[in-house]
2 protein chains.
Amino acid sequence: MERDTGLSKDTLRVWERRYAFPNPARDQHGERVYPIEQVEKLRLIKRLMDCGHRPGKIIGQSIEILRALGGGLGKESTGPVDLEIFLNLISSHQLPELRSLLSQTMARSGLQNFILKTIVPLNVAVGDAWMSGRIAVFEEHLYSELVQNLLRNAIAAIQPQGRTPRVLLTSLPQEQHSIGLLMAEAILAVEGASCIPLGPQTPMADIVTAARVHHADIVALSFSSSYPETKVAESLKQLRLALPVSKHLWAGGNGSARLRKPIEGVQTVVSFEKMLDMVKLWREASA
Amino acid sequence: MERDTGLSKDTLRVWERRYAFPNPARDQHGERVYPIEQVEKLRLIKRLMDCGHRPGKIIGQSIEILRALGGGLGKESTGPVDLEIFLNLISSHQLPELRSLLSQTMARSGLQNFILKTIVPLNVAVGDAWMSGRIAVFEEHLYSELVQNLLRNAIAAIQPQGRTPRVLLTSLPQEQHSIGLLMAEAILAVEGASCIPLGPQTPMADIVTAARVHHADIVALSFSSSYPETKVAESLKQLRLALPVSKHLWAGGNGSARLRKPIEGVQTVVSFEKMLDMVKLWREASA
DNA sequence: TTAATAAAGTTGTCCAAGACAAATAGTTGA
DNA sequence: TCAACTATTTGTCTTGGACAACTTTATTAA
């Protein structure tokens, strides 16, 4: 259930006590068995919470109402590219067609624009489509794999220039999403920065050591919206203390956008567009 | 601690009660704070358990003795390629050199041989080197990223032939290791099979649906040694029941090698070499 | 001596309810 | 309009008991 919903065991228990939901059946040993509709409702609630809703307010609502609440989320942003075509290919399992359309789009717009104008909005659209029940988990997985291949191939095609800044890219142990890291790496590679990609889930002590031995100028962390809210600021403060002041610390992803107060010595990467400006600023400052 | 050691919260608690280890300090709120040496010992124990040791027997030993126990693990297999060179490059952070040596080796031996003779033994060697404290977590991460890039690029270079069998590749929700899936995909791609790579952590219901809509002939699952032992057989039986009998079900990875009794209708992929034979057999049978 | 069976020991996961710190919302006063 | 204070909400940690499933050892039969 933790994996399926993104909610911790303790949270599920305390919700049972407080809100009488979820209300799982019990098997012959008295252990909880969650009906599929409760799992779906929990997933919806989790996603709405990531958008700022509070559990106590929405947990009593029916699935239909929750769906409606989420429906109006990403509608306002209609990108320049028609995302509907992509979504249709995803939900109709046209793997080769989807692959070539993505490749074509990338070739046409260039890597940076492809990420900014197509992949980022498409990720949001896919998330929404999953939420409204339009596409399934495995369809999302397949799409992710495809994008990952595309990005890794593009990055490999650019390859080392040895220019500054040297950016260490990773996420903390609780954060397993890596697609954001790849997008950042691709964009930075185009800018001519040298990336040290550690992949997701690097322990803090290792980040500090890696930054030292690889002479990183910037340590960039990614936080998805499923990263525990309370932990983001805490982890960043701790890491800031452990890193030499000379090294910049950047925090990106939807999880870091929720930060209320800025943290001393930590820069928030609001968007990939802004990240380009930040690289420019770093270069000016270090010149 | 769960992430850092791979041991569940409950296991850590019950060990405290039964074996008086770990014995974490407490902060001002009475919450557990684990000294670094206890974390290391726990990691060692976890790894030794994956090799068949039982916790009660080894938990009382000192770190030195545990290290010695693990040291004699993979020594017998000295591959044809000199792994020492790779290990040295990893531990001395020579990223570009490591990258090009891997590429060269791949070009020289061919993709399949590269995986069988270099990557597989190297993965084991890296794991052992981590265990003996020779390389750090972040160095292992960097190596993983590199291999992943290499494999994904190689797979992309082969690309679709539309030949059978159609193999759906994924792992179950608790299993996050994906490098084994990539190696399998690469080897199968060379054989001309069509892969549907869903990445790791696909819920069982989604695997069934995906197998249907993509007309998969074979569903191949990967289990690493950190997958809960008791769950492997259980999950496979359940999935076997949910899949049509016409679809083959293959289980690979170190986690599935621990299966004592074979499961009706499930084939164990003992090694990548054997997988090639299995593909051949499938083709003969389906002709 | 071997093989099968039973008993004893080992091990991980689940259960329940309590406590509390931190975050959020609501209220009041300047 | 903003800041400070209070009340409420919320998630995570705590403890120890229970037990099913697995392993090992002992016992019995062939």
# chains A, B, ... in the order shown; residues from 1 in each chain; ligands from 1
>>> residues_around(residues="DC5 in chain D", least_positions_apart="5", cutoff="12 Å", atoms="only C-alpha atoms (C1' of nucleotides)", output="PyMOL selection string")
chain C and resi 26-29
>>> closest_atom_pairs(of="chain B", to="chain A", cutoff="8 Å", atoms="only C-alpha atoms", output="CSV")
residue,atom,partner,partner_atom,distance
B:Arg3,CA,A:Pro173,CA,6.4
B:Asp4,CA,A:Pro203,CA,7.6
B:His93,CA,A:His214,CA,7.2
B:Pro96,CA,A:Pro160,CA,7.9
B:Ala136,CA,A:Asp206,CA,7.5
B:Val137,CA,A:Asp206,CA,6.6
B:Phe138,CA,A:Asp206,CA,5.6
B:Glu139,CA,A:Ala210,CA,7.9
B:His141,CA,A:Leu198,CA,5.3
B:Leu142,CA,A:Leu198,CA,4.9
B:Glu145,CA,A:Gly199,CA,6.3
B:Asn149,CA,A:Arg152,CA,6.1
B:Arg152,CA,A:Asn149,CA,6.1
B:Asn153,CA,A:Asn153,CA,5.7
B:Ala156,CA,A:Asn149,CA,7.5
B:Pro173,CA,A:Arg3,CA,6.6
B:Gln174,CA,A:Arg3,CA,7.3
B:Ile196,CA,A:Leu142,CA,7.7
B:Pro197,CA,A:Leu142,CA,6.6
B:Leu198,CA,A:Leu142,CA,4.9
B:Gly199,CA,A:Glu145,CA,6.3
B:Thr202,CA,A:Phe138,CA,6.5
B:Pro203,CA,A:Asp4,CA,7.8
B:Asp206,CA,A:Phe138,CA,5.6
B:Ile207,CA,A:Phe138,CA,7.1
B:Ala210,CA,A:Phe138,CA,6.5
B:Val213,CA,A:His93,CA,7.5
B:His214,CA,A:His93,CA,7.2
>>> interface_residues(of="chain C", to="chain A", cutoff="12 Å", atoms="only C-alpha atoms (C1' of nucleotides)", output="PyMOL selection string")
chain C and resi 13-18+21-25
>>> interface_residues(of="chain D", to="chain B", cutoff="10 Å", atoms="only C-alpha atoms (C1' of nucleotides)", output="PDB file with N, CA and C atoms (P, O5', C5', C4', C3', O3' and C1' of nucleotides), in the first residue's frame")
ATOM      1  P    DC D  13       9.722   8.969  11.480  1.00  0.00           P
ATOM      2  O5'  DC D  13       9.831   8.420  12.977  1.00  0.00           O
ATOM      3  C5'  DC D  13      10.306   9.277  13.993  1.00  0.00           C
ATOM      4  C4'  DC D  13       9.685   8.912  15.317  1.00  0.00           C
ATOM      5  C3'  DC D  13       9.937   7.486  15.793  1.00  0.00           C
ATOM      6  O3'  DC D  13      11.064   7.434  16.659  1.00  0.00           O
ATOM      7  C1'  DC D  13       7.705   8.253  16.278  1.00  0.00           C
ATOM      8  P    DT D  14      11.557   6.039  17.226  1.00  0.00           P
ATOM      9  O5'  DT D  14      10.503   5.704  18.368  1.00  0.00           O
ATOM     10  C5'  DT D  14      10.443   6.565  19.503  1.00  0.00           C
ATOM     11  C4'  DT D  14       9.352   6.120  20.443  1.00  0.00           C
ATOM     12  C3'  DT D  14       9.369   4.642  20.784  1.00  0.00           C
ATOM     13  O3'  DT D  14      10.279   4.419  21.847  1.00  0.00           O
ATOM     14  C1'  DT D  14       7.140   5.397  20.392  1.00  0.00           C
ATOM     15  P    DG D  16       8.897  -1.711  25.914  1.00  0.00           P
ATOM     16  O5'  DG D  16       7.832  -2.856  25.619  1.00  0.00           O
ATOM     17  C5'  DG D  16       6.522  -2.721  26.144  1.00  0.00           C
ATOM     18  C4'  DG D  16       5.625  -3.708  25.462  1.00  0.00           C
ATOM     19  C3'  DG D  16       6.207  -5.133  25.372  1.00  0.00           C
ATOM     20  O3'  DG D  16       5.179  -6.029  25.709  1.00  0.00           O
ATOM     21  C1'  DG D  16       5.518  -4.405  23.257  1.00  0.00           C
ATOM     22  P    DA D  21       1.254 -18.872   7.025  1.00  0.00           P
ATOM     23  O5'  DA D  21       2.783 -18.924   6.605  1.00  0.00           O
ATOM     24  C5'  DA D  21       3.466 -17.704   6.309  1.00  0.00           C
ATOM     25  C4'  DA D  21       4.949 -17.934   6.423  1.00  0.00           C
ATOM     26  C3'  DA D  21       5.414 -19.260   5.799  1.00  0.00           C
ATOM     27  O3'  DA D  21       6.500 -18.978   4.941  1.00  0.00           O
ATOM     28  C1'  DA D  21       6.258 -19.025   7.993  1.00  0.00           C
ATOM     29  P    DC D  22       7.019 -20.101   3.939  1.00  0.00           P
ATOM     30  O5'  DC D  22       8.517 -20.286   4.429  1.00  0.00           O
ATOM     31  C5'  DC D  22       9.295 -19.123   4.718  1.00  0.00           C
ATOM     32  C4'  DC D  22      10.409 -19.476   5.683  1.00  0.00           C
ATOM     33  C3'  DC D  22      11.185 -20.733   5.300  1.00  0.00           C
ATOM     34  O3'  DC D  22      12.556 -20.408   5.145  1.00  0.00           O
ATOM     35  C1'  DC D  22      10.617 -20.753   7.598  1.00  0.00           C
ATOM     36  P    DT D  23      13.594 -21.495   4.560  1.00  0.00           P
ATOM     37  O5'  DT D  23      14.692 -21.632   5.698  1.00  0.00           O
ATOM     38  C5'  DT D  23      14.313 -21.454   7.029  1.00  0.00           C
ATOM     39  C4'  DT D  23      15.463 -21.757   7.964  1.00  0.00           C
ATOM     40  C3'  DT D  23      16.378 -22.898   7.565  1.00  0.00           C
ATOM     41  O3'  DT D  23      17.650 -22.690   8.168  1.00  0.00           O
ATOM     42  C1'  DT D  23      14.988 -23.571   9.385  1.00  0.00           C
TER      43       DT D  23
END
>>> residues_around(residues="Leu249 in chain B", least_positions_apart="6", cutoff="10 Å", atoms="only C-alpha atoms (C1' of nucleotides)", output="PDB file with N, CA, C and O atoms, in the first residue's frame")
ATOM      1  N   VAL B 167       8.653  -9.793 -25.739  1.00  0.00           N
ATOM      2  CA  VAL B 167       8.955  -9.993 -24.313  1.00  0.00           C
ATOM      3  C   VAL B 167       8.632  -8.738 -23.514  1.00  0.00           C
ATOM      4  O   VAL B 167       9.148  -7.654 -23.813  1.00  0.00           O
ATOM      5  N   LEU B 168       7.774  -8.886 -22.522  1.00  0.00           N
ATOM      6  CA  LEU B 168       7.478  -7.771 -21.629  1.00  0.00           C
ATOM      7  C   LEU B 168       8.436  -7.838 -20.444  1.00  0.00           C
ATOM      8  O   LEU B 168       8.485  -8.837 -19.726  1.00  0.00           O
ATOM      9  N   ASP B 217       4.447 -12.498 -25.727  1.00  0.00           N
ATOM     10  CA  ASP B 217       4.557 -13.947 -25.676  1.00  0.00           C
ATOM     11  C   ASP B 217       5.137 -14.373 -24.334  1.00  0.00           C
ATOM     12  O   ASP B 217       4.822 -15.436 -23.813  1.00  0.00           O
ATOM     13  N   ILE B 218       6.036 -13.532 -23.829  1.00  0.00           N
ATOM     14  CA  ILE B 218       6.747 -13.866 -22.599  1.00  0.00           C
ATOM     15  C   ILE B 218       6.690 -12.665 -21.652  1.00  0.00           C
ATOM     16  O   ILE B 218       6.896 -11.525 -22.088  1.00  0.00           O
ATOM     17  N   VAL B 219       6.396 -12.930 -20.391  1.00  0.00           N
ATOM     18  CA  VAL B 219       6.509 -11.894 -19.363  1.00  0.00           C
ATOM     19  C   VAL B 219       7.743 -12.225 -18.527  1.00  0.00           C
ATOM     20  O   VAL B 219       7.812 -13.296 -17.926  1.00  0.00           O
ATOM     21  N   ALA B 220       8.723 -11.340 -18.522  1.00  0.00           N
ATOM     22  CA  ALA B 220       9.972 -11.606 -17.796  1.00  0.00           C
ATOM     23  C   ALA B 220      10.110 -10.633 -16.633  1.00  0.00           C
ATOM     24  O   ALA B 220      10.068  -9.419 -16.817  1.00  0.00           O
ATOM     25  N   LEU B 221      10.249 -11.196 -15.430  1.00  0.00           N
ATOM     26  CA  LEU B 221      10.369 -10.368 -14.228  1.00  0.00           C
ATOM     27  C   LEU B 221      11.771 -10.469 -13.645  1.00  0.00           C
ATOM     28  O   LEU B 221      12.406 -11.527 -13.697  1.00  0.00           O
ATOM     29  N   LEU B 236       5.060 -14.797  -7.806  1.00  0.00           N
ATOM     30  CA  LEU B 236       5.084 -15.514  -9.083  1.00  0.00           C
ATOM     31  C   LEU B 236       3.857 -16.413  -9.238  1.00  0.00           C
ATOM     32  O   LEU B 236       3.246 -16.461 -10.306  1.00  0.00           O
ATOM     33  N   LEU B 239       0.897 -14.204 -10.034  1.00  0.00           N
ATOM     34  CA  LEU B 239       0.933 -13.681 -11.392  1.00  0.00           C
ATOM     35  C   LEU B 239       0.658 -14.787 -12.408  1.00  0.00           C
ATOM     36  O   LEU B 239      -0.026 -14.570 -13.406  1.00  0.00           O
ATOM     37  N   ARG B 240       1.170 -15.969 -12.125  1.00  0.00           N
ATOM     38  CA  ARG B 240       0.945 -17.104 -13.030  1.00  0.00           C
ATOM     39  C   ARG B 240      -0.548 -17.369 -13.188  1.00  0.00           C
ATOM     40  O   ARG B 240      -1.043 -17.628 -14.279  1.00  0.00           O
ATOM     41  N   LEU B 243      -2.205 -14.604 -15.416  1.00  0.00           N
ATOM     42  CA  LEU B 243      -1.844 -14.546 -16.834  1.00  0.00           C
ATOM     43  C   LEU B 243      -2.456 -15.724 -17.603  1.00  0.00           C
ATOM     44  O   LEU B 243      -2.588 -16.810 -17.042  1.00  0.00           O
ATOM     45  N   GLY B 265       4.695 -23.737 -14.161  1.00  0.00           N
ATOM     46  CA  GLY B 265       4.409 -22.738 -15.183  1.00  0.00           C
ATOM     47  C   GLY B 265       5.310 -21.524 -15.142  1.00  0.00           C
ATOM     48  O   GLY B 265       5.061 -20.561 -15.855  1.00  0.00           O
ATOM     49  N   VAL B 266       6.311 -21.543 -14.301  1.00  0.00           N
ATOM     50  CA  VAL B 266       7.249 -20.420 -14.240  1.00  0.00           C
ATOM     51  C   VAL B 266       8.652 -20.932 -14.535  1.00  0.00           C
ATOM     52  O   VAL B 266       9.110 -21.892 -13.913  1.00  0.00           O
ATOM     53  N   GLN B 267       9.349 -20.300 -15.479  1.00  0.00           N
ATOM     54  CA  GLN B 267      10.705 -20.723 -15.790  1.00  0.00           C
ATOM     55  C   GLN B 267      11.702 -19.771 -15.142  1.00  0.00           C
ATOM     56  O   GLN B 267      11.560 -18.554 -15.229  1.00  0.00           O
ATOM     57  N   THR B 268      12.704 -20.346 -14.508  1.00  0.00           N
ATOM     58  CA  THR B 268      13.713 -19.517 -13.867  1.00  0.00           C
ATOM     59  C   THR B 268      14.862 -19.239 -14.840  1.00  0.00           C
ATOM     60  O   THR B 268      15.385 -20.160 -15.466  1.00  0.00           O
TER      61      THR B 268
END
